[in-house]
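Working notes for the structure below.
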Amino acid sequence: MDERDVRLLKAISDLGTGSPERLHEETDIPVSTIHYRLNNLREDGVIENDLYDLDLDELGLGVTVVIEVLADYSGSHEQLSERLLAVEGVTEAYFTMGETDFVVVARLPDSDDVERLIRAFEDIEEVDRTDSTFVIKSLRDGQRPLESYSLDSLVGMLADE
């Protein structure tokens with residue numbers, strides 16, 4: 001990956017689109033080169049999909065809950081992870097170190113659905129307890145993590161010299 005690839009990825013993150021025309025306007029990289037590089041980044045697994053971002057509030061999934069899951073399990077964490085991920089509404093999950101075993105993020109339609117979610121976690125035998133936190137306002141949604149870096153920082157960290 002070189003500086004042009006990093007510039008393209010940063011522009012995709014900033015603009016929220018993979019439109020070659022918009023990327024050309026932002027980066028001055030020729031459209032044909034953008035097509036070629038995007039295909040290479042897909043083949044290399046850097047770009048995983050072409051999904052549209054959704055406004056989950058407008059969609060009706062405006063309640064965000066962060067849940068710490070403390071569990072008592074033997075064996076691999078993957079089995080318990082699969083069961084946590086199978087609970088409807090879970091959008092992110094992390095296996096963590098420390099007192100908390102997992103941190104789960106859920107997007108739900110309303111506060112009544114939070115009770116269903118917590119019950120579903122507590123019905124999993126290995127889950128000892130949960131600690132839930134309602135998000136009042138999202139300050140930064142990690143859907144586009146490159147937005148939090150300057151282009152110079154990204155080039156310095158990611159581009160081959």
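Chains: A, B, ... in order of the structure tokens. Residues: from 1 per chain. Ligands: from 1, in order shown.
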Per DSSP on the backbone, filter region 23-161 of chain A down to the residues in alpha helix (DSSP H) and report them as a PyMOL selection string.
chain A and resi 23-27+31-43+56-59+77-85+111-122+151-158
Leaving out Asp160 (chain A) and any residue of its chain fewer than 5 positions from it, which residues lie within 10 Å of it when counting only C-alpha atoms, given as a short mmCIF file (atom, residue, chain, number, x, y, z; two decimals) with N, CA and C atoms, in the first residue's frame?
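Saved the output as selection-v4.cif:
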data_model
loop_
_atom_site.label_atom_id
_atom_site.label_comp_id
_atom_site.auth_asym_id
_atom_site.auth_seq_id
_atom_site.Cartn_x
_atom_site.Cartn_y
_atom_site.Cartn_z
N MET A 1 0.86 -1.17 0.00
CA MET A 1 0.00 0.00 0.00
C MET A 1 0.91 1.23 0.00
N ASP A 2 0.61 2.15 -0.89
CA ASP A 2 1.43 3.36 -0.97
C ASP A 2 0.60 4.58 -0.56
N GLU A 3 1.21 5.76 -0.73
CA GLU A 3 0.56 7.00 -0.30
C GLU A 3 -0.76 7.24 -1.03
N VAL A 6 -3.46 5.19 0.59
CA VAL A 6 -3.85 5.77 1.88
C VAL A 6 -4.70 7.01 1.66
N VAL A 155 -0.42 8.37 6.32
CA VAL A 155 0.64 8.07 5.37
C VAL A 155 1.89 7.61 6.12
#
Using only C-alpha atoms, determine which residues lie at most 8 Å from region 115-124 of chain A, disregarding the query and same-chain residues fewer than 2 positions distant; provide the list as an MDAnalysis selection string.
chainID A and resid 83:84 87:89 111:113 126:130
Could the residues in this selection be written to a file with C-alpha atoms, as an mmCIF file, in the first residue's frame?
data_model
loop_
_atom_site.group_PDB
_atom_site.id
_atom_site.type_symbol
_atom_site.label_atom_id
_atom_site.label_comp_id
_atom_site.auth_asym_id
_atom_site.auth_seq_id
_atom_site.Cartn_x
_atom_site.Cartn_y
_atom_site.Cartn_z
ATOM 1 C CA ARG A 83 -23.924 -17.115 21.827
ATOM 2 C CA LEU A 84 -23.553 -13.433 22.751
ATOM 3 C CA VAL A 87 -28.620 -12.126 20.572
ATOM 4 C CA GLU A 88 -30.692 -9.833 18.351
ATOM 5 C CA GLY A 89 -29.575 -6.217 18.424
ATOM 6 C CA SER A 111 -35.911 1.017 26.126
ATOM 7 C CA ASP A 112 -38.373 -1.874 26.381
ATOM 8 C CA ASP A 113 -36.150 -3.867 24.060
ATOM 9 C CA GLU A 126 -22.125 -18.921 31.540
ATOM 10 C CA VAL A 127 -23.140 -15.282 32.078
ATOM 11 C CA ASP A 128 -22.831 -14.370 35.754
ATOM 12 C CA ARG A 129 -23.993 -10.775 35.454
ATOM 13 C CA THR A 130 -24.219 -7.777 33.170
#
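Closest approach to Glu78 (chain A) among A:Arg22, A:Ser32, A:Arg144, A:Phe102 is made by A:Phe102 (distances from only C-alpha atoms).
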Return as a PyMOL selection string the full set of residues in region 67-106 of chain A whose backbone-based DSSP assignment is strand (DSSP E or B).
chain A and resi 67-71+90-95+102-106
Show which residues sit within 10 Å of Asp131 (chain A), as a list in words. Count only C-alpha atoms, and ignore same-chain residues fewer than 3 positions away.
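So, after excluding close chain neighbours, the residues are Val66, Ile67, Glu68, Val69, Leu70, Thr100, Val103 and Ile118 of chain A.
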Can you write out the residues you just picked, keeping N, CA, C and O atoms, as a tab-separated table (two decimals), in the first residue's frame?
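Below is the file that was written, selection_25.tsv:
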chain	number	residue	atom	x	y	z
A	66	VAL	N	-24.36	-0.03	25.96
A	66	VAL	CA	-23.06	-0.69	26.11
A	66	VAL	C	-23.17	-1.60	27.32
A	66	VAL	O	-23.54	-1.15	28.40
A	67	ILE	N	-22.90	-2.89	27.11
A	67	ILE	CA	-23.09	-3.88	28.18
A	67	ILE	C	-21.77	-4.56	28.48
A	67	ILE	O	-21.09	-5.06	27.57
A	68	GLU	N	-21.39	-4.55	29.75
A	68	GLU	CA	-20.26	-5.34	30.20
A	68	GLU	C	-20.80	-6.69	30.63
A	68	GLU	O	-21.77	-6.76	31.38
A	69	VAL	N	-20.19	-7.76	30.15
A	69	VAL	CA	-20.64	-9.10	30.47
A	69	VAL	C	-19.54	-9.79	31.29
A	69	VAL	O	-18.40	-9.91	30.83
A	70	LEU	N	-19.91	-10.21	32.51
A	70	LEU	CA	-19.00	-10.99	33.34
A	70	LEU	C	-19.48	-12.42	33.29
A	70	LEU	O	-20.67	-12.70	33.49
A	100	THR	N	-14.02	-7.52	33.44
A	100	THR	CA	-15.07	-7.72	32.44
A	100	THR	C	-14.56	-8.68	31.37
A	100	THR	O	-13.46	-8.51	30.85
A	103	VAL	N	-17.34	-6.91	26.23
A	103	VAL	CA	-18.07	-5.65	26.12
A	103	VAL	C	-18.88	-5.76	24.84
A	103	VAL	O	-18.36	-6.10	23.78
A	118	ILE	N	-31.15	-7.86	27.84
A	118	ILE	CA	-30.50	-8.27	29.10
A	118	ILE	C	-30.98	-9.65	29.52
A	118	ILE	O	-30.19	-10.49	29.94
For Thr133 (chain A), which residue out of A:Val65, A:Leu51, A:Tyr94, A:Asp101 is the nearest one, using only C-alpha atoms?
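Among the listed residues, the smallest separation from Thr133 (chain A) belongs to A:Val65.
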Near Ala93 (chain A), counting only C-alpha atoms, which residues have an atom at most 9 Å away, once you skip same-chain residues fewer than 2 positions from it, shown as number ranges by chain?
A: 81, 84-85, 90-91, 95, 102-106
Need the shell around Asp110 (chain A): protein/DNA/RNA residues with any atom at most 8 Å away, counting only C-alpha atoms. Skip same-chain ones fewer than 6 positions apart. Format as a VMD selection string?
chain A and resid 61 to 63
